[in-house]
Amino acid sequence: MSRYFCHEFPEVLTFETRVVDARPGAVVLEQTPFHPGGGGQLADRGILRWNGGEATVTGLEMIAGRLWHLLATPAEASDTVQAVVDPAFRTMMTELHTGTHILNALVYQQFQGALVTGAQLNDDGTARMDFDLPDADNDRLRALEPGLNELIRQDLPIRYVYVPLAEAMGEHGLIRSRSVAPPPDEMGTIRIVEIVGLDRQACGGTHLASTARSRPVKILKIDNKGRHNRRVKIGLEG
Ligand SMILES: [Zn+2]
């Protein structure tokens, strides 16, 4: 996996670039502001515009390290295009994703280092996280909500470092998920997301610059999924 443009420049949602490969209904761009999705985060939505036309991006497909933008119409894009990520959708994904990290940090700290077994962000402002919590009391999980919102209010900064995979594997708790660990990049490093003072973990998604940029988060529901897993559903308020 290459480092994504949106990792380096998360605030750039509109970008002029060149088409470097094309097949009917799909193009590869030289640089793209689109996040391809993964680890539970949904792929960005948006459009490509060019002189004389535009097309909705209906999906993104990573093939052999190249990101294909699937287009709603078979229209042939010109060599130069403007790639435009839907800002409302990206913001919602970013808020939800940041909320899942805060929840994850609280569960990890308060439930003896419980790991994540799955995560999925939804396009309706909700997300679910599954945790390996065989003996957890669901009321204790529900009771995390005020602490979660307190951490949002504290406006903790969020920053990134890249560390060699072997080093990351050696730091307890850095690879938090049993199912969605991001692959290393071509330099053999993985991206670590740090919510300063709270949590560090490997992740390839998009996150807010600091926690108070999120709306408050509600814990909507807790389900038992099998003997081991607890599924916690959260939602953004408003
Ligand atoms: Zn993340």
# chains A, B, ... in the order shown; residues from 1 in each chain; ligands from 1
$ residues_near_ligand --ligand "ligand 1" --cutoff "6 Å" --atoms "only C-alpha atoms and all ligand atoms" --output "VMD selection string"
chain A and resid 97 203 205
$ residues_around --residues "segment 207-216 of chain A" --least-positions-apart "2" --cutoff "6 Å" --atoms "only C-alpha atoms" --output "compact mmCIF listing (two decimals) with C-alpha atoms, in the first residue's frame"
# COMPACT_ATOMS: atom_id res chain seq x y z
CA THR A 94 -13.87 11.40 9.60
CA GLU A 95 -15.98 12.31 12.63
CA THR A 98 -12.47 9.55 15.23
CA ASN A 149 -17.99 13.01 25.06
CA ILE A 152 -14.33 15.05 22.57
CA ARG A 153 -14.76 18.27 24.60
CA ASP A 155 -10.11 18.80 22.08
CA LEU A 156 -7.15 16.41 22.12
CA PRO A 157 -4.90 16.88 19.06
CA ILE A 158 -4.52 13.99 16.64
CA GLU A 237 -25.76 13.65 17.40
$ residues_around --residues "Ala202 of chain A" --least-positions-apart "4" --cutoff "12 Å" --atoms "only C-alpha atoms" --output "PyMOL selection string"
chain A and resi 39+101+159-165+167-169+171-178+180-184+189-195
$ select_by_dssp --residues "segment 70-163 of chain A" --states "strand (DSSP E or B)" --output "VMD selection string"
chain A and resid 70 to 71 80 to 85 116 to 121 126 to 132 157 to 163
$ write_last_selection --atoms "N, CA, C and O atoms" --output "JSON list (two decimals), in the first residue's frame"
[["chain", "number", "residue", "atom", "x", "y", "z"],
["A", 70, "LEU", "N", -14.29, 4.44, -10.34],
["A", 70, "LEU", "CA", -15.36, 3.92, -11.18],
["A", 70, "LEU", "C", -16.37, 5.05, -11.43],
["A", 70, "LEU", "O", -16.81, 5.71, -10.48],
["A", 71, "LEU", "N", -16.71, 5.24, -12.68],
["A", 71, "LEU", "CA", -17.55, 6.39, -13.05],
["A", 71, "LEU", "C", -18.96, 5.94, -13.40],
["A", 71, "LEU", "O", -19.17, 4.85, -13.95],
["A", 80, "THR", "N", -6.78, 16.00, -18.40],
["A", 80, "THR", "CA", -6.71, 16.73, -17.14],
["A", 80, "THR", "C", -8.09, 16.76, -16.50],
["A", 80, "THR", "O", -9.07, 17.08, -17.18],
["A", 81, "VAL", "N", -8.16, 16.40, -15.25],
["A", 81, "VAL", "CA", -9.46, 16.40, -14.57],
["A", 81, "VAL", "C", -9.34, 17.08, -13.21],
["A", 81, "VAL", "O", -8.24, 17.21, -12.66],
["A", 82, "GLN", "N", -10.50, 17.52, -12.74],
["A", 82, "GLN", "CA", -10.58, 18.02, -11.38],
["A", 82, "GLN", "C", -11.30, 16.94, -10.57],
["A", 82, "GLN", "O", -12.43, 16.56, -10.90],
["A", 83, "ALA", "N", -10.62, 16.41, -9.56],
["A", 83, "ALA", "CA", -11.22, 15.39, -8.70],
["A", 83, "ALA", "C", -11.80, 16.09, -7.48],
["A", 83, "ALA", "O", -11.11, 16.86, -6.82],
["A", 84, "VAL", "N", -13.07, 15.85, -7.22],
["A", 84, "VAL", "CA", -13.77, 16.56, -6.14],
["A", 84, "VAL", "C", -14.40, 15.56, -5.18],
["A", 84, "VAL", "O", -15.33, 14.84, -5.53],
["A", 85, "VAL", "N", -13.88, 15.51, -3.96],
["A", 85, "VAL", "CA", -14.44, 14.64, -2.93],
["A", 85, "VAL", "C", -15.64, 15.33, -2.29],
["A", 85, "VAL", "O", -15.60, 16.54, -2.02],
["A", 116, "VAL", "N", -10.27, -5.24, 19.13],
["A", 116, "VAL", "CA", -11.37, -5.01, 18.19],
["A", 116, "VAL", "C", -11.45, -6.23, 17.26],
["A", 116, "VAL", "O", -10.44, -6.68, 16.74],
["A", 117, "THR", "N", -12.65, -6.72, 17.05],
["A", 117, "THR", "CA", -12.81, -7.83, 16.11],
["A", 117, "THR", "C", -13.48, -7.40, 14.82],
["A", 117, "THR", "O", -13.54, -8.17, 13.86],
["A", 118, "GLY", "N", -13.98, -6.18, 14.77],
["A", 118, "GLY", "CA", -14.59, -5.70, 13.54],
["A", 118, "GLY", "C", -15.05, -4.27, 13.71],
["A", 118, "GLY", "O", -15.27, -3.82, 14.84],
["A", 119, "ALA", "N", -15.14, -3.55, 12.60],
["A", 119, "ALA", "CA", -15.64, -2.18, 12.65],
["A", 119, "ALA", "C", -16.29, -1.85, 11.32],
["A", 119, "ALA", "O", -15.82, -2.29, 10.28],
["A", 120, "GLN", "N", -17.37, -1.10, 11.38],
["A", 120, "GLN", "CA", -18.01, -0.67, 10.15],
["A", 120, "GLN", "C", -18.63, 0.71, 10.34],
["A", 120, "GLN", "O", -19.43, 0.90, 11.25],
["A", 121, "LEU", "N", -18.24, 1.65, 9.49],
["A", 121, "LEU", "CA", -18.87, 2.96, 9.51],
["A", 121, "LEU", "C", -19.99, 2.95, 8.47],
["A", 121, "LEU", "O", -19.86, 2.32, 7.42],
["A", 126, "THR", "N", -23.87, 6.59, 11.67],
["A", 126, "THR", "CA", -23.67, 5.61, 12.75],
["A", 126, "THR", "C", -22.48, 4.72, 12.41],
["A", 126, "THR", "O", -22.02, 4.67, 11.26],
["A", 127, "ALA", "N", -21.99, 4.03, 13.42],
["A", 127, "ALA", "CA", -20.90, 3.08, 13.23],
["A", 127, "ALA", "C", -21.04, 1.99, 14.26],
["A", 127, "ALA", "O", -21.65, 2.20, 15.32],
["A", 128, "ARG", "N", -20.51, 0.84, 13.95],
["A", 128, "ARG", "CA", -20.48, -0.21, 14.96],
["A", 128, "ARG", "C", -19.05, -0.69, 15.14],
["A", 128, "ARG", "O", -18.25, -0.68, 14.22],
["A", 129, "MET", "N", -18.76, -1.06, 16.37],
["A", 129, "MET", "CA", -17.47, -1.70, 16.65],
["A", 129, "MET", "C", -17.75, -2.97, 17.42],
["A", 129, "MET", "O", -18.58, -2.99, 18.32],
["A", 130, "ASP", "N", -17.04, -4.04, 17.04],
["A", 130, "ASP", "CA", -17.13, -5.30, 17.75],
["A", 130, "ASP", "C", -15.86, -5.48, 18.57],
["A", 130, "ASP", "O", -14.75, -5.26, 18.06],
["A", 131, "PHE", "N", -16.05, -5.88, 19.81],
["A", 131, "PHE", "CA", -14.91, -6.08, 20.71],
["A", 131, "PHE", "C", -14.93, -7.50, 21.24],
["A", 131, "PHE", "O", -16.00, -8.08, 21.45],
["A", 132, "ASP", "N", -13.73, -8.02, 21.48],
["A", 132, "ASP", "CA", -13.59, -9.33, 22.09],
["A", 132, "ASP", "C", -13.75, -9.16, 23.60],
["A", 132, "ASP", "O", -12.80, -8.84, 24.30],
["A", 157, "PRO", "N", -5.42, 16.88, 20.44],
["A", 157, "PRO", "CA", -4.90, 16.88, 19.06],
["A", 157, "PRO", "C", -4.66, 15.45, 18.56],
["A", 157, "PRO", "O", -4.42, 14.54, 19.36],
["A", 158, "ILE", "N", -4.74, 15.30, 17.26],
["A", 158, "ILE", "CA", -4.52, 13.99, 16.64],
["A", 158, "ILE", "C", -3.37, 14.12, 15.65],
["A", 158, "ILE", "O", -3.35, 15.03, 14.83],
["A", 159, "ARG", "N", -2.37, 13.22, 15.77],
["A", 159, "ARG", "CA", -1.23, 13.31, 14.88],
["A", 159, "ARG", "C", -0.79, 11.92, 14.43],
["A", 159, "ARG", "O", -1.27, 10.92, 14.94],
["A", 160, "TYR", "N", 0.15, 11.90, 13.50],
["A", 160, "TYR", "CA", 0.53, 10.66, 12.83],
["A", 160, "TYR", "C", 2.04, 10.46, 12.86],
["A", 160, "TYR", "O", 2.79, 11.41, 12.72],
["A", 161, "VAL", "N", 2.44, 9.21, 13.02],
["A", 161, "VAL", "CA", 3.84, 8.86, 12.79],
["A", 161, "VAL", "C", 3.85, 7.55, 12.01],
["A", 161, "VAL", "O", 2.88, 6.79, 12.03],
["A", 162, "TYR", "N", 4.96, 7.32, 11.30],
["A", 162, "TYR", "CA", 5.13, 6.06, 10.59],
["A", 162, "TYR", "C", 6.22, 5.28, 11.30],
["A", 162, "TYR", "O", 7.31, 5.81, 11.54],
["A", 163, "VAL", "N", 5.95, 4.04, 11.67],
["A", 163, "VAL", "CA", 6.97, 3.24, 12.36],
["A", 163, "VAL", "C", 7.15, 1.92, 11.62],
["A", 163, "VAL", "O", 6.22, 1.42, 11.00]]
$ select_by_dssp --residues "segment 2-231 of chain A" --states "helix (DSSP H, G or I)" --output "MDAnalysis selection string"
chainID A and resid 5:8 87:110 138:142 145:153 165:170 211:213
$ closest_residue --among "A:Ile219, A:Ala77, A:Val232, A:Leu106" --to "Val20 of chain A" --atoms "only C-alpha atoms"
A:Ala77
$ residues_around --residues "Pro74 of chain A" --least-positions-apart "6" --cutoff "10 Å" --atoms "only C-alpha atoms" --output "ChimeraX atom specification"
/A:23-26,55
$ write_last_selection --atoms "C-alpha atoms" --output "short mmCIF file (atom, residue, chain, number, x, y, z; two decimals), in the first residue's frame"
data_model
loop_
_atom_site.label_atom_id
_atom_site.label_comp_id
_atom_site.auth_asym_id
_atom_site.auth_seq_id
_atom_site.Cartn_x
_atom_site.Cartn_y
_atom_site.Cartn_z
CA ARG A 23 -10.75 1.67 -19.26
CA PRO A 24 -14.45 2.02 -20.09
CA GLY A 25 -16.13 3.61 -17.08
CA ALA A 26 -13.00 3.89 -14.93
CA ALA A 55 -19.05 12.05 -13.94
#
$ closest_residue --among "A:Ala143, A:Ala43, A:Leu48, A:Leu198" --to "Arg90 of chain A" --atoms "only C-alpha atoms"
A:Ala43
$ closest_residue --among "A:Leu103, A:Leu141, A:Val196, A:Ala75" --to "Gly52 of chain A" --atoms "only C-alpha atoms"
A:Ala75
$ closest_residue --among "A:Thr32, A:Thr73, A:Thr100, A:Ser78" --to "Trp50 of chain A" --atoms "only C-alpha atoms"
A:Ser78
